[in-house]
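Chemist: Quick one, run.txt (compact mmCIF, C-alpha atoms):
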# COMPACT_ATOMS: atom_id res chain seq x y z
CA MET A 1 16.55 -158.21 -93.69
CA ILE A 2 14.79 -161.53 -93.05
CA ASP A 3 11.56 -160.07 -94.39
CA GLN A 4 13.32 -159.01 -97.57
CA ALA A 5 14.80 -162.50 -98.03
CA ILE A 6 11.39 -164.15 -97.56
CA LYS A 7 9.85 -161.65 -99.96
CA GLU A 8 12.41 -162.53 -102.65
CA LEU A 9 12.30 -166.33 -102.07
CA ALA A 10 8.52 -166.74 -101.69
CA PRO A 11 7.64 -166.36 -105.40
CA VAL A 12 10.31 -168.91 -106.32
CA VAL A 13 9.99 -171.64 -103.67
CA GLY A 14 6.85 -170.65 -101.72
CA VAL A 15 6.38 -169.04 -98.31
CA LYS A 16 6.77 -172.27 -96.35
CA ALA A 17 10.16 -173.14 -97.87
CA ALA A 18 11.35 -169.51 -97.73
CA CYS A 19 10.56 -169.28 -94.01
CA ARG A 20 12.29 -172.59 -93.35
CA ALA A 21 15.38 -171.39 -95.30
CA VAL A 22 15.80 -168.19 -93.26
CA GLY A 23 14.79 -169.76 -89.94
CA ARG A 24 11.58 -167.89 -89.21
CA SER A 25 8.31 -169.46 -88.15
CA ARG A 26 5.72 -169.36 -90.90
CA GLY A 27 3.05 -168.32 -88.38
CA SER A 28 5.16 -165.36 -87.25
CA HIS A 29 5.67 -164.32 -90.86
CA TYR A 30 1.95 -164.37 -91.58
CA ARG A 31 1.15 -162.64 -88.29
CA TRP A 32 3.57 -159.79 -89.06
CA HIS A 33 2.38 -159.42 -92.65
CA ARG A 34 -1.33 -159.82 -92.04
CA THR A 35 -3.53 -157.70 -94.27
CA SER A 36 -6.92 -156.67 -93.02
CA PRO A 37 -9.90 -157.77 -95.09
CA PRO A 38 -11.48 -155.10 -97.27
CA SER A 39 -14.08 -153.10 -95.42
CA LYS A 40 -17.70 -153.68 -96.30
CA PRO A 41 -19.47 -150.84 -98.07
CA GLU A 42 -22.04 -148.88 -96.08
CA ARG A 43 -25.55 -150.17 -96.58
CA ALA A 44 -28.52 -147.86 -96.70
CA PRO A 45 -31.27 -149.10 -94.41
CA SER A 46 -34.07 -150.64 -96.45
CA PRO A 47 -37.65 -150.65 -95.23
CA GLN A 48 -39.19 -153.91 -94.08
CA PRO A 49 -41.18 -155.24 -97.05
CA ARG A 50 -44.00 -156.52 -94.81
CA ALA A 51 -44.33 -153.25 -92.86
CA LEU A 52 -47.69 -151.54 -92.85
CA SER A 53 -48.05 -148.63 -95.23
CA GLU A 54 -48.85 -145.18 -93.89
CA VAL A 55 -52.48 -145.58 -94.97
CA GLU A 56 -52.78 -148.88 -93.08
CA ARG A 57 -51.20 -147.35 -89.99
CA LYS A 58 -53.71 -144.48 -90.09
CA GLU A 59 -56.54 -147.02 -90.43
CA VAL A 60 -55.33 -148.92 -87.34
CA LEU A 61 -55.03 -145.65 -85.39
CA GLY A 62 -58.52 -144.67 -86.53
CA VAL A 63 -59.93 -147.95 -85.19
CA LEU A 64 -58.04 -147.59 -81.90
CA HIS A 65 -59.27 -143.98 -81.55
CA ASP A 66 -62.85 -144.94 -82.38
CA PRO A 67 -65.20 -144.08 -79.45
CA GLU A 68 -66.20 -147.74 -79.27
CA HIS A 69 -62.59 -148.85 -78.62
CA VAL A 70 -60.93 -145.78 -77.10
CA ASP A 71 -60.87 -147.16 -73.52
CA GLU A 72 -59.88 -150.71 -74.44
CA ALA A 73 -56.54 -152.44 -74.59
CA PRO A 74 -55.23 -153.35 -78.06
CA ALA A 75 -55.68 -157.06 -77.26
CA THR A 76 -59.38 -156.47 -76.60
CA VAL A 77 -59.77 -154.43 -79.78
CA TYR A 78 -57.98 -157.17 -81.71
CA ALA A 79 -60.32 -159.85 -80.33
CA LYS A 80 -63.44 -157.80 -81.09
CA LEU A 81 -62.27 -157.11 -84.63
CA LEU A 82 -61.58 -160.82 -85.19
CA ASP A 83 -65.11 -161.62 -83.98
CA GLN A 84 -66.37 -159.23 -86.67
CA GLY A 85 -64.15 -160.94 -89.26
CA VAL A 86 -61.72 -158.01 -89.60
CA TYR A 87 -57.94 -158.40 -89.32
CA LEU A 88 -55.90 -155.20 -89.44
CA CYS A 89 -52.65 -156.20 -87.75
CA SER A 90 -51.28 -158.09 -84.77
CA VAL A 91 -51.53 -156.88 -81.17
CA PRO A 92 -47.77 -156.06 -80.92
CA THR A 93 -48.08 -154.02 -84.12
CA MET A 94 -50.94 -152.07 -82.54
CA TYR A 95 -48.71 -151.36 -79.56
CA ARG A 96 -45.83 -150.30 -81.87
CA ILE A 97 -48.13 -147.88 -83.71
CA LEU A 98 -49.44 -146.43 -80.43
CA HIS A 99 -45.88 -146.14 -79.09
CA ALA A 100 -44.77 -144.28 -82.24
CA GLU A 101 -47.60 -141.80 -81.64
CA GLY A 102 -46.61 -141.39 -77.97
CA GLU A 103 -49.88 -142.86 -76.69
CA VAL A 104 -48.42 -145.73 -74.64
CA ARG A 105 -46.51 -145.28 -71.42
CA GLU A 106 -45.41 -147.25 -68.38
CA ARG A 107 -48.31 -147.39 -65.93
CA ARG A 108 -46.33 -148.38 -62.85
CA ARG A 109 -44.58 -145.82 -60.72
CA GLN A 110 -40.87 -146.16 -61.26
CA ALA A 111 -38.56 -145.79 -58.29
CA THR A 112 -36.29 -142.77 -58.40
CA HIS A 113 -33.19 -143.00 -56.29
CA PRO A 114 -31.63 -139.90 -54.78
CA ALA A 115 -28.25 -138.88 -56.07
CA ALA A 116 -25.34 -140.22 -54.02
CA LYS A 117 -23.82 -137.58 -51.77
CA ARG A 118 -20.10 -137.13 -51.39
CA PRO A 119 -18.94 -137.63 -47.83
CA GLU A 120 -17.83 -134.44 -46.16
CA LEU A 121 -15.69 -133.84 -43.11
CA LEU A 122 -17.66 -132.27 -40.28
CA ALA A 123 -14.89 -132.19 -37.66
CA THR A 124 -13.50 -128.80 -36.70
CA ARG A 125 -10.73 -130.03 -34.37
CA PRO A 126 -8.70 -133.23 -33.82
CA ASN A 127 -10.49 -136.33 -32.43
CA GLU A 128 -13.91 -134.76 -32.85
CA VAL A 129 -15.04 -137.46 -35.29
CA SER A 130 -13.68 -140.98 -34.92
CA SER A 131 -14.40 -144.35 -36.44
CA CYS A 132 -15.74 -146.86 -33.92
CA SER A 133 -15.71 -149.77 -36.37
CA ALA A 134 -11.96 -150.35 -35.80
CA ARG A 135 -12.32 -150.47 -32.01
CA PRO A 136 -13.57 -153.53 -30.17
CA SER A 137 -17.06 -153.14 -28.82
CA GLY A 138 -17.69 -154.43 -25.36
CA PRO A 139 -18.46 -153.37 -21.83
CA GLY A 140 -15.55 -150.90 -21.68
CA SER A 141 -16.20 -149.40 -25.14
CA THR A 142 -16.85 -145.66 -25.37
CA CYS A 143 -18.37 -145.70 -28.88
CA THR A 144 -22.09 -145.15 -29.10
Can the structure in the file be given as structure tokens, please?

Modeler:
Amino acid sequence: MIDQAIKELAPVVGVKAACRAVGRSRGSHYRWHRTSPPSKPERAPSPQPRALSEVERKEVLGVLHDPEHVDEAPATVYAKLLDQGVYLCSVPTMYRILHAEGEVRERRRQATHPAAKRPELLATRPNEVSSCSARPSGPGSTCT
């Protein structure tokens, strides 16, 4: 009923005066009648304009697979190529290309933790298993 009155009065006197006339807070009115902003249209992913072309990527892989550089780190290959006056791409780009080809991996051994076991009850009769943490430990204690 109050909403209807505000709706009818708002075009004539404005929302502020309409809310004051019916005794409702203007903030409450706007909170109750909030409209969500229009959703943004889906964007198709566009390729990075500075990305290397497929031909350039193959050229970098060819240099990295060259027998002269096959056992060297990309940073070393990069430095040698710069000494020769050749710039193909940056060192991180070389690593990205090698990673995309599956030729880079973690060299350190990663720790694998065993799966946590659920505790199980091993007692077959009453008082066979007891908790000693609740009892005081001292000279007369029977917990071991």

Chemist: Please measure the separation of CA of Lys80 (chain A) and CA of Pro49 (chain A), giving the value in Å to one decimal.

Modeler: 27.5 Å

Chemist: What does the distance between CA of Leu82 (chain A) and CA of Gly102 (chain A) come to in Å, to one decimal place?

Modeler: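 We find that CA of Leu82 (chain A) and CA of Gly102 (chain A) lie 25.6 Å from each other.
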
Chemist: Pick out the closest residue to Ile6 (chain A) from this set: A:Tyr30, A:Glu72, A:Lys117, A:Arg105. Count only C-alpha atoms.

Modeler: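 Answer, going by the shortest atom-to-atom distance: A:Tyr30.
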
Chemist: With all atoms listed in the file as the atoms that count, which of A:Val13, A:Ala123, A:Leu61, A:Val86 lies nearest to Glu103 (chain A)?

Modeler: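 Among the listed residues, the smallest separation from Glu103 (chain A) belongs to A:Leu61.
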
Chemist: Under the rule that only C-alpha atoms are counted, which of A:Thr35, A:Ser25, A:Ser53, A:Gln110 is the nearest residue to Leu88 (chain A)?

Modeler: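 Counting only C-alpha atoms, the residue closest to Leu88 (chain A) is A:Ser53.
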
Chemist: Go ahead and compute the interatomic distance for CA of Met1 (chain A) and CA of Pro37 (chain A), in Å to one decimal.

Modeler: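 About the pair CA of Met1 (chain A) and CA of Pro37 (chain A): they are 26.5 Å apart.
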
Chemist: Which residue out of A:Cys19, A:Ala51, A:Leu121, A:Leu81 has the minimum interatomic distance to Glu68 (chain A) when all atoms listed in the file are used?

Modeler: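 Ranked by minimum distance to Glu68 (chain A), first place goes to A:Leu81.
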
Chemist: Residues at most 9 Å from Val15 (chain A), counting all atoms listed in the file, excluding those fewer than 6 positions away in the same chain, as a list of chain:residue names?

Modeler: A:Ile6, A:Lys7, A:Leu9, A:Arg26, A:His29

Chemist: Restricting the output to C-alpha atoms, write the selected residues as an mmCIF file, in the frame of the given file.

Modeler:
data_model
loop_
_atom_site.group_PDB
_atom_site.id
_atom_site.type_symbol
_atom_site.label_atom_id
_atom_site.label_comp_id
_atom_site.auth_asym_id
_atom_site.auth_seq_id
_atom_site.Cartn_x
_atom_site.Cartn_y
_atom_site.Cartn_z
ATOM 1 C CA ILE A 6 11.390 -164.150 -97.560
ATOM 2 C CA LYS A 7 9.850 -161.650 -99.960
ATOM 3 C CA LEU A 9 12.300 -166.330 -102.070
ATOM 4 C CA ARG A 26 5.720 -169.360 -90.900
ATOM 5 C CA HIS A 29 5.670 -164.320 -90.860
#

Chemist: Counting only C-alpha atoms, what is within 12 Å of Tyr78 (chain A), bar same-chain residues fewer than 2 positions away, as a list in words?

Modeler: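 Skipping anything fewer than 2 positions along the chain leaves Val60, Val63, Leu64, His69, Glu72, Ala73, Pro74, Ala75, Thr76, Lys80, Leu81, Leu82, Asp83, Gln84, Gly85, Val86, Tyr87, Leu88, Cys89, Ser90, Val91, Pro92, Thr93, Met94 and Tyr95 of chain A.
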
Chemist: Have a look at A:Val55, A:Ala17, A:Gly27, A:Val22 and name the one nearest to Ala5 (chain A); count all atoms listed in the file.

Modeler: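 Closest to Ala5 (chain A), using all atoms listed in the file: A:Val22.
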